Amino acid sequence: MTNLSDCSFAGFLFDMDGTLLTSIEASKRVWGRWAARFGLDAAKFLPNAHGMQVRDVIRLLDLPGVDSDDEAAVIFAAELADMDGVTAIPGAGSFLAQLPADRWAIVTSAPRALALRRLDAAGLPVPPVLICAADVDRGKPDPSCFILAAERLGVAIDQCLVFEDAPAGILAAERSGAAVVVVTHAHPGRAATHATEIGDYTALSLEQTSAGSWRLSYPARARS
């Protein structure tokens, strides 16, 4: 297995929900109310839907007579209004502050307005490169969102490290050719799913190399 502390990176790409901030409880409330309208139990499909675009989740449910774009708009409005419990993952703000603004990006399946609202609620910065749902034709697990973020940073995707938490996002990052580290704080008790996992960012640090890239230092408790 690759030890990430032995590697250096030119760019850092972050998923948002579950990776930089936790909005799981708010999403559960919104999706729970929506699912009840159709006689569905959100707890049965939501865990596997995390990290995907809302319209893609609705399409996969294959509900007769339901327009996925119309229902996605309903869910978006409800999520935009519910910021209760949206907080930063421990250490996320401090870690982001170590990164040069032109070397990191957020890659989220959320609409831009929702992303900005949640980042503000969590007290986290907005990078110059913010890839949202409308910026790509295909959402995660398609890798195009991460590839686009690397292009806008002006770095090669195989020189990027992606921080993710959800299966769809992890798969998208792996397909893109980037290295991946999984953040587990939002999913306590979940079995190990990846070669490198960290609980949060509290003990992470960066060291700049002589070549102008950055090396990640992470705690011994990280699994690698």
# chains A, B, ... in the order shown; residues from 1 in each chain; ligands from 1
call {"tool": "select_by_dssp", "arguments": {"residues": "region 117-224 of chain A", "states": "alpha helix (DSSP H)", "output": "list in words"}}
result
Arg117, Arg118, Leu119, Asp120, Ala121, Ala122, Ser144, Cys145, Phe146, Ile147, Leu148, Ala149, Ala150, Glu151, Arg152, Leu153, Pro167, Ala168, Gly169, Ile170, Leu171, Ala172, Ala173, Glu174, Arg175 and Ser176 of chain A
call {"tool": "residues_around", "arguments": {"residues": "Pro125 (chain A)", "least_positions_apart": "3", "cutoff": "9 Å", "atoms": "only C-alpha atoms", "output": "ChimeraX atom specification"}}
result
/A:93,96-97,119-120
call {"tool": "residues_around", "arguments": {"residues": "Pro143 (chain A)", "least_positions_apart": "3", "cutoff": "9 Å", "atoms": "only C-alpha atoms", "output": "PyMOL selection string"}}
result
chain A and resi 138-140+146-148+169+171-177
call {"tool": "write_last_selection", "arguments": {"atoms": "all heavy atoms", "output": "JSON list (two decimals), in the first residue's frame"}}
result
[["chain", "number", "residue", "atom", "x", "y", "z"],
["A", 138, "ARG", "N", -22.12, 14.92, -15.57],
["A", 138, "ARG", "CA", -22.31, 13.67, -14.84],
["A", 138, "ARG", "C", -21.71, 13.79, -13.45],
["A", 138, "ARG", "O", -20.55, 14.18, -13.30],
["A", 138, "ARG", "CB", -21.67, 12.49, -15.59],
["A", 138, "ARG", "CG", -22.28, 12.23, -16.95],
["A", 138, "ARG", "CD", -21.57, 11.09, -17.68],
["A", 138, "ARG", "NE", -20.15, 11.41, -17.89],
["A", 138, "ARG", "CZ", -19.70, 12.16, -18.88],
["A", 138, "ARG", "NH1", -20.54, 12.70, -19.74],
["A", 138, "ARG", "NH2", -18.41, 12.38, -19.01],
["A", 139, "GLY", "N", -22.51, 13.44, -12.45],
["A", 139, "GLY", "CA", -22.05, 13.53, -11.07],
["A", 139, "GLY", "C", -21.26, 12.31, -10.65],
["A", 139, "GLY", "O", -21.12, 11.34, -11.39],
["A", 140, "LYS", "N", -20.73, 12.36, -9.43],
["A", 140, "LYS", "CA", -20.02, 11.22, -8.87],
["A", 140, "LYS", "C", -20.95, 10.00, -8.87],
["A", 140, "LYS", "O", -22.14, 10.15, -8.62],
["A", 140, "LYS", "CB", -19.59, 11.54, -7.42],
["A", 140, "LYS", "CG", -18.71, 12.78, -7.30],
["A", 140, "LYS", "CD", -18.52, 13.16, -5.83],
["A", 140, "LYS", "CE", -17.75, 14.46, -5.70],
["A", 140, "LYS", "NZ", -17.59, 14.90, -4.29],
["A", 146, "PHE", "N", -13.60, 15.84, -10.53],
["A", 146, "PHE", "CA", -12.25, 15.98, -10.00],
["A", 146, "PHE", "C", -11.26, 16.38, -11.10],
["A", 146, "PHE", "O", -10.35, 17.18, -10.86],
["A", 146, "PHE", "CB", -11.80, 14.69, -9.33],
["A", 146, "PHE", "CG", -12.51, 14.41, -8.03],
["A", 146, "PHE", "CD1", -13.31, 13.30, -7.89],
["A", 146, "PHE", "CD2", -12.39, 15.28, -6.95],
["A", 146, "PHE", "CE1", -13.98, 13.04, -6.69],
["A", 146, "PHE", "CE2", -13.05, 15.04, -5.76],
["A", 146, "PHE", "CZ", -13.84, 13.92, -5.62],
["A", 147, "ILE", "N", -11.44, 15.82, -12.27],
["A", 147, "ILE", "CA", -10.57, 16.18, -13.39],
["A", 147, "ILE", "C", -10.71, 17.67, -13.73],
["A", 147, "ILE", "O", -9.72, 18.36, -13.96],
["A", 147, "ILE", "CB", -10.89, 15.30, -14.61],
["A", 147, "ILE", "CG1", -10.54, 13.84, -14.31],
["A", 147, "ILE", "CG2", -10.16, 15.80, -15.85],
["A", 147, "ILE", "CD1", -11.02, 12.86, -15.36],
["A", 148, "LEU", "N", -11.95, 18.17, -13.70],
["A", 148, "LEU", "CA", -12.19, 19.59, -13.97],
["A", 148, "LEU", "C", -11.54, 20.47, -12.90],
["A", 148, "LEU", "O", -10.94, 21.51, -13.22],
["A", 148, "LEU", "CB", -13.70, 19.86, -14.02],
["A", 148, "LEU", "CG", -14.12, 21.31, -14.23],
["A", 148, "LEU", "CD1", -13.59, 21.85, -15.56],
["A", 148, "LEU", "CD2", -15.65, 21.43, -14.18],
["A", 169, "GLY", "N", -17.99, 9.22, -4.13],
["A", 169, "GLY", "CA", -16.89, 10.15, -4.30],
["A", 169, "GLY", "C", -15.54, 9.47, -4.31],
["A", 169, "GLY", "O", -14.64, 9.85, -5.06],
["A", 171, "LEU", "N", -14.93, 6.44, -5.34],
["A", 171, "LEU", "CA", -14.82, 5.79, -6.65],
["A", 171, "LEU", "C", -14.50, 6.80, -7.73],
["A", 171, "LEU", "O", -13.65, 6.56, -8.61],
["A", 171, "LEU", "CB", -16.11, 5.04, -6.97],
["A", 171, "LEU", "CG", -16.13, 4.23, -8.27],
["A", 171, "LEU", "CD1", -14.99, 3.23, -8.31],
["A", 171, "LEU", "CD2", -17.47, 3.53, -8.43],
["A", 172, "ALA", "N", -15.15, 7.97, -7.69],
["A", 172, "ALA", "CA", -14.87, 9.01, -8.67],
["A", 172, "ALA", "C", -13.41, 9.46, -8.60],
["A", 172, "ALA", "O", -12.75, 9.64, -9.63],
["A", 172, "ALA", "CB", -15.80, 10.20, -8.45],
["A", 173, "ALA", "N", -12.91, 9.64, -7.39],
["A", 173, "ALA", "CA", -11.53, 10.07, -7.22],
["A", 173, "ALA", "C", -10.55, 9.02, -7.74],
["A", 173, "ALA", "O", -9.57, 9.35, -8.42],
["A", 173, "ALA", "CB", -11.26, 10.37, -5.74],
["A", 174, "GLU", "N", -10.81, 7.76, -7.42],
["A", 174, "GLU", "CA", -9.93, 6.69, -7.90],
["A", 174, "GLU", "C", -9.95, 6.60, -9.41],
["A", 174, "GLU", "O", -8.91, 6.42, -10.05],
["A", 174, "GLU", "CB", -10.37, 5.36, -7.28],
["A", 174, "GLU", "CG", -10.10, 5.28, -5.79],
["A", 174, "GLU", "CD", -10.68, 4.03, -5.15],
["A", 174, "GLU", "OE1", -11.61, 3.43, -5.72],
["A", 174, "GLU", "OE2", -10.19, 3.65, -4.06],
["A", 175, "ARG", "N", -11.12, 6.76, -10.00],
["A", 175, "ARG", "CA", -11.24, 6.71, -11.46],
["A", 175, "ARG", "C", -10.52, 7.88, -12.13],
["A", 175, "ARG", "O", -10.07, 7.78, -13.27],
["A", 175, "ARG", "CB", -12.70, 6.71, -11.88],
["A", 175, "ARG", "CG", -13.43, 5.40, -11.60],
["A", 175, "ARG", "CD", -14.92, 5.53, -11.89],
["A", 175, "ARG", "NE", -15.61, 4.25, -11.82],
["A", 175, "ARG", "CZ", -16.93, 4.09, -11.92],
["A", 175, "ARG", "NH1", -17.71, 5.16, -12.11],
["A", 175, "ARG", "NH2", -17.48, 2.90, -11.85],
["A", 176, "SER", "N", -10.41, 8.99, -11.42],
["A", 176, "SER", "CA", -9.76, 10.17, -12.00],
["A", 176, "SER", "C", -8.26, 10.01, -12.10],
["A", 176, "SER", "O", -7.60, 10.70, -12.89],
["A", 176, "SER", "CB", -10.09, 11.41, -11.16],
["A", 176, "SER", "OG", -9.33, 11.43, -9.95],
["A", 177, "GLY", "N", -7.70, 9.13, -11.28],
["A", 177, "GLY", "CA", -6.25, 8.95, -11.26],
["A", 177, "GLY", "C", -5.57, 9.65, -10.10],
["A", 177, "GLY", "O", -4.34, 9.60, -9.97]]
call {"tool": "atom_distance", "arguments": {"atom1": "CA of His50 (chain A)", "atom2": "CA of Ala166 (chain A)"}}
result
6.0 Å
call {"tool": "select_by_dssp", "arguments": {"residues": "region 9-223 of chain A", "states": "strand (DSSP E)", "output": "PyMOL selection string"}}
result
chain A and resi 9+11-14+21-22+87-88+104-107+129-131+160-164+179-183+197-198+205-208+214-217
call {"tool": "residues_around", "arguments": {"residues": "region 56-71 of chain A", "least_positions_apart": "6", "cutoff": "9 Å", "atoms": "only C-alpha atoms", "output": "PyMOL selection string"}}
result
chain A and resi 34+38+45-46+49-50+139
call {"tool": "write_last_selection", "arguments": {"atoms": "N, CA and C atoms", "output": "tab-separated table (two decimals), in the first residue's frame"}}
result
chain	number	residue	atom	x	y	z
A	34	TRP	N	-39.20	14.24	2.64
A	34	TRP	CA	-39.48	14.03	1.22
A	34	TRP	C	-39.89	12.58	0.97
A	38	PHE	N	-43.78	9.81	-0.46
A	38	PHE	CA	-43.91	8.73	-1.43
A	38	PHE	C	-43.97	7.36	-0.76
A	45	PHE	N	-32.31	3.99	1.67
A	45	PHE	CA	-31.57	4.34	0.45
A	45	PHE	C	-30.56	5.46	0.64
A	46	LEU	N	-30.72	6.26	1.69
A	46	LEU	CA	-29.86	7.44	1.84
A	46	LEU	C	-28.39	7.10	2.08
A	49	ALA	N	-26.70	6.71	-1.08
A	49	ALA	CA	-26.85	7.85	-1.97
A	49	ALA	C	-25.91	9.00	-1.62
A	50	HIS	N	-25.26	8.91	-0.47
A	50	HIS	CA	-24.41	10.02	-0.01
A	50	HIS	C	-23.31	10.30	-1.02
A	139	GLY	N	-22.51	13.44	-12.45
A	139	GLY	CA	-22.05	13.53	-11.07
A	139	GLY	C	-21.26	12.31	-10.65
call {"tool": "closest_atom_pairs", "arguments": {"of": "region 67-163 of chain A", "to": "region 6-18 of chain A", "cutoff": "12 Å", "atoms": "only C-alpha atoms", "output": "CSV"}}
result
residue,atom,partner,partner_atom,distance
A:Val86,CA,A:Asp17,CA,9.3
A:Thr87,CA,A:Gly18,CA,10.0
A:Ala88,CA,A:Gly18,CA,9.1
A:Ile89,CA,A:Gly18,CA,7.8
A:Pro90,CA,A:Gly18,CA,11.4
A:Ala92,CA,A:Phe14,CA,10.5
A:Phe95,CA,A:Phe12,CA,11.3
A:Leu96,CA,A:Phe12,CA,9.7
A:Gln98,CA,A:Phe12,CA,11.4
A:Leu99,CA,A:Phe12,CA,8.4
A:Pro100,CA,A:Gly11,CA,9.4
A:Ala101,CA,A:Gly11,CA,10.2
A:Asp102,CA,A:Gly11,CA,8.4
A:Arg103,CA,A:Gly11,CA,4.8
A:Trp104,CA,A:Phe12,CA,4.6
A:Ala105,CA,A:Leu13,CA,5.0
A:Ile106,CA,A:Phe14,CA,4.7
A:Val107,CA,A:Asp15,CA,5.0
A:Thr108,CA,A:Asp15,CA,5.3
A:Ser109,CA,A:Asp15,CA,8.3
A:Ala110,CA,A:Asp17,CA,8.5
A:Pro111,CA,A:Met16,CA,11.5
A:Arg112,CA,A:Met16,CA,11.5
A:Leu114,CA,A:Asp17,CA,10.7
A:Ala115,CA,A:Met16,CA,7.8
A:Leu116,CA,A:Met16,CA,10.4
A:Arg117,CA,A:Met16,CA,11.8
A:Arg118,CA,A:Asp17,CA,8.7
A:Leu119,CA,A:Met16,CA,8.3
A:Ala122,CA,A:Asp17,CA,10.7
A:Leu124,CA,A:Met16,CA,10.3
A:Pro125,CA,A:Met16,CA,11.5
A:Val126,CA,A:Met16,CA,10.8
A:Pro127,CA,A:Phe14,CA,10.5
A:Val129,CA,A:Leu13,CA,9.6
A:Leu130,CA,A:Phe14,CA,9.6
A:Ile131,CA,A:Asp15,CA,9.5
A:Cys132,CA,A:Met16,CA,10.0
A:Ala133,CA,A:Asp15,CA,11.9
A:Lys140,CA,A:Asp15,CA,10.6
A:Cys145,CA,A:Leu13,CA,10.2
A:Phe146,CA,A:Leu13,CA,7.3
A:Ile147,CA,A:Leu13,CA,10.0
A:Leu148,CA,A:Leu13,CA,10.7
A:Ala149,CA,A:Leu13,CA,7.4
A:Ala150,CA,A:Gly11,CA,7.3
A:Glu151,CA,A:Gly11,CA,10.3
A:Arg152,CA,A:Gly11,CA,10.6
A:Leu153,CA,A:Gly11,CA,7.4
A:Gly154,CA,A:Gly11,CA,8.9
A:Val155,CA,A:Ala10,CA,6.5
A:Ala156,CA,A:Ala10,CA,7.9
A:Ile157,CA,A:Gly11,CA,8.1
A:Asp158,CA,A:Phe9,CA,8.6
A:Gln159,CA,A:Phe9,CA,5.2
A:Cys160,CA,A:Gly11,CA,4.6
A:Leu161,CA,A:Phe12,CA,5.0
A:Val162,CA,A:Leu13,CA,4.7
A:Phe163,CA,A:Phe14,CA,4.8
call {"tool": "closest_residue", "arguments": {"among": "A:Ala26, A:Pro188, A:Ser205, A:Leu40", "to": "Asp84 (chain A)", "atoms": "only C-alpha atoms"}}
result
A:Ala26
call {"tool": "closest_residue", "arguments": {"among": "A:Gln208, A:Ile198, A:Gln53, A:Ala73", "to": "Asp142 (chain A)", "atoms": "only C-alpha atoms"}}
result
A:Gln53
call {"tool": "atom_distance", "arguments": {"atom1": "CA of Pro47 (chain A)", "atom2": "CA of Asp200 (chain A)"}}
result
20.0 Å
call {"tool": "atom_distance", "arguments": {"atom1": "CA of Thr196 (chain A)", "atom2": "CA of Thr19 (chain A)"}}
result
14.1 Å
call {"tool": "closest_residue", "arguments": {"among": "A:Asn48, A:Ser217, A:Ser27, A:Ser144", "to": "Tyr201 (chain A)", "atoms": "only C-alpha atoms"}}
result
A:Ser217
call {"tool": "closest_residue", "arguments": {"among": "A:Ala113, A:Ala178, A:Met83, A:Leu4", "to": "Ala134 (chain A)", "atoms": "only C-alpha atoms"}}
result
A:Ala113
call {"tool": "closest_residue", "arguments": {"among": "A:Lys28, A:Ala211, A:Ser23, A:Lys44", "to": "Ala186 (chain A)", "atoms": "only C-alpha atoms"}}
result
A:Ser23
call {"tool": "decode", "arguments": {"residues": "region 89-100 of chain A", "atoms": "all heavy atoms", "output": "short mmCIF file (atom, residue, chain, number, x, y, z; two decimals), in the first residue's frame"}}
result
data_model
loop_
_atom_site.label_atom_id
_atom_site.label_comp_id
_atom_site.auth_asym_id
_atom_site.auth_seq_id
_atom_site.Cartn_x
_atom_site.Cartn_y
_atom_site.Cartn_z
N ILE A 89 -15.84 19.75 10.18
CA ILE A 89 -15.13 18.58 10.71
C ILE A 89 -13.95 19.11 11.55
O ILE A 89 -13.28 20.07 11.13
CB ILE A 89 -14.60 17.70 9.56
CG1 ILE A 89 -15.76 17.20 8.67
CG2 ILE A 89 -13.79 16.53 10.11
CD1 ILE A 89 -16.72 16.26 9.32
N PRO A 90 -13.69 18.55 12.72
CA PRO A 90 -12.60 19.06 13.56
C PRO A 90 -11.28 19.21 12.81
O PRO A 90 -10.84 18.31 12.11
CB PRO A 90 -12.49 17.99 14.66
CG PRO A 90 -13.88 17.44 14.77
CD PRO A 90 -14.41 17.43 13.37
N GLY A 91 -10.70 20.40 12.96
CA GLY A 91 -9.40 20.69 12.36
C GLY A 91 -9.45 21.11 10.90
O GLY A 91 -8.41 21.50 10.34
N ALA A 92 -10.63 21.06 10.27
CA ALA A 92 -10.71 21.36 8.83
C ALA A 92 -10.28 22.78 8.53
O ALA A 92 -9.50 23.03 7.59
CB ALA A 92 -12.12 21.10 8.31
N GLY A 93 -10.78 23.74 9.30
CA GLY A 93 -10.45 25.14 9.04
C GLY A 93 -8.96 25.41 9.16
O GLY A 93 -8.37 26.10 8.31
N SER A 94 -8.33 24.86 10.19
CA SER A 94 -6.89 25.08 10.40
C SER A 94 -6.07 24.44 9.29
O SER A 94 -5.07 25.00 8.84
CB SER A 94 -6.47 24.51 11.76
OG SER A 94 -7.12 25.19 12.81
N PHE A 95 -6.50 23.25 8.85
CA PHE A 95 -5.75 22.58 7.80
C PHE A 95 -5.87 23.34 6.48
O PHE A 95 -4.88 23.53 5.77
CB PHE A 95 -6.25 21.15 7.63
CG PHE A 95 -5.49 20.37 6.60
CD1 PHE A 95 -4.16 20.04 6.80
CD2 PHE A 95 -6.10 19.98 5.41
CE1 PHE A 95 -3.44 19.33 5.83
CE2 PHE A 95 -5.40 19.27 4.45
CZ PHE A 95 -4.07 18.94 4.67
N LEU A 96 -7.07 23.81 6.16
CA LEU A 96 -7.25 24.56 4.92
C LEU A 96 -6.43 25.84 4.93
O LEU A 96 -5.95 26.29 3.89
CB LEU A 96 -8.73 24.90 4.71
CG LEU A 96 -9.67 23.72 4.45
CD1 LEU A 96 -11.11 24.21 4.31
CD2 LEU A 96 -9.25 22.93 3.22
N ALA A 97 -6.25 26.42 6.11
CA ALA A 97 -5.48 27.66 6.22
C ALA A 97 -4.01 27.45 5.88
O ALA A 97 -3.30 28.41 5.55
CB ALA A 97 -5.61 28.23 7.64
N GLN A 98 -3.54 26.21 5.93
CA GLN A 98 -2.15 25.92 5.58
C GLN A 98 -1.94 25.86 4.07
O GLN A 98 -0.81 25.92 3.60
CB GLN A 98 -1.72 24.57 6.16
CG GLN A 98 -1.78 24.46 7.67
CD GLN A 98 -1.34 23.08 8.14
OE1 GLN A 98 -0.26 22.61 7.79
NE2 GLN A 98 -2.18 22.43 8.92
N LEU A 99 -3.03 25.73 3.32
CA LEU A 99 -2.93 25.51 1.88
C LEU A 99 -2.91 26.82 1.10
O LEU A 99 -3.72 27.71 1.36
CB LEU A 99 -4.12 24.68 1.40
CG LEU A 99 -4.22 23.26 1.96
CD1 LEU A 99 -5.58 22.66 1.63
CD2 LEU A 99 -3.11 22.39 1.40
N PRO A 100 -2.03 26.97 0.13
CA PRO A 100 -2.08 28.13 -0.76
C PRO A 100 -3.42 28.15 -1.50
O PRO A 100 -3.91 27.10 -1.93
CB PRO A 100 -0.91 27.90 -1.73
CG PRO A 100 -0.02 26.93 -1.03
CD PRO A 100 -0.90 26.07 -0.20
#
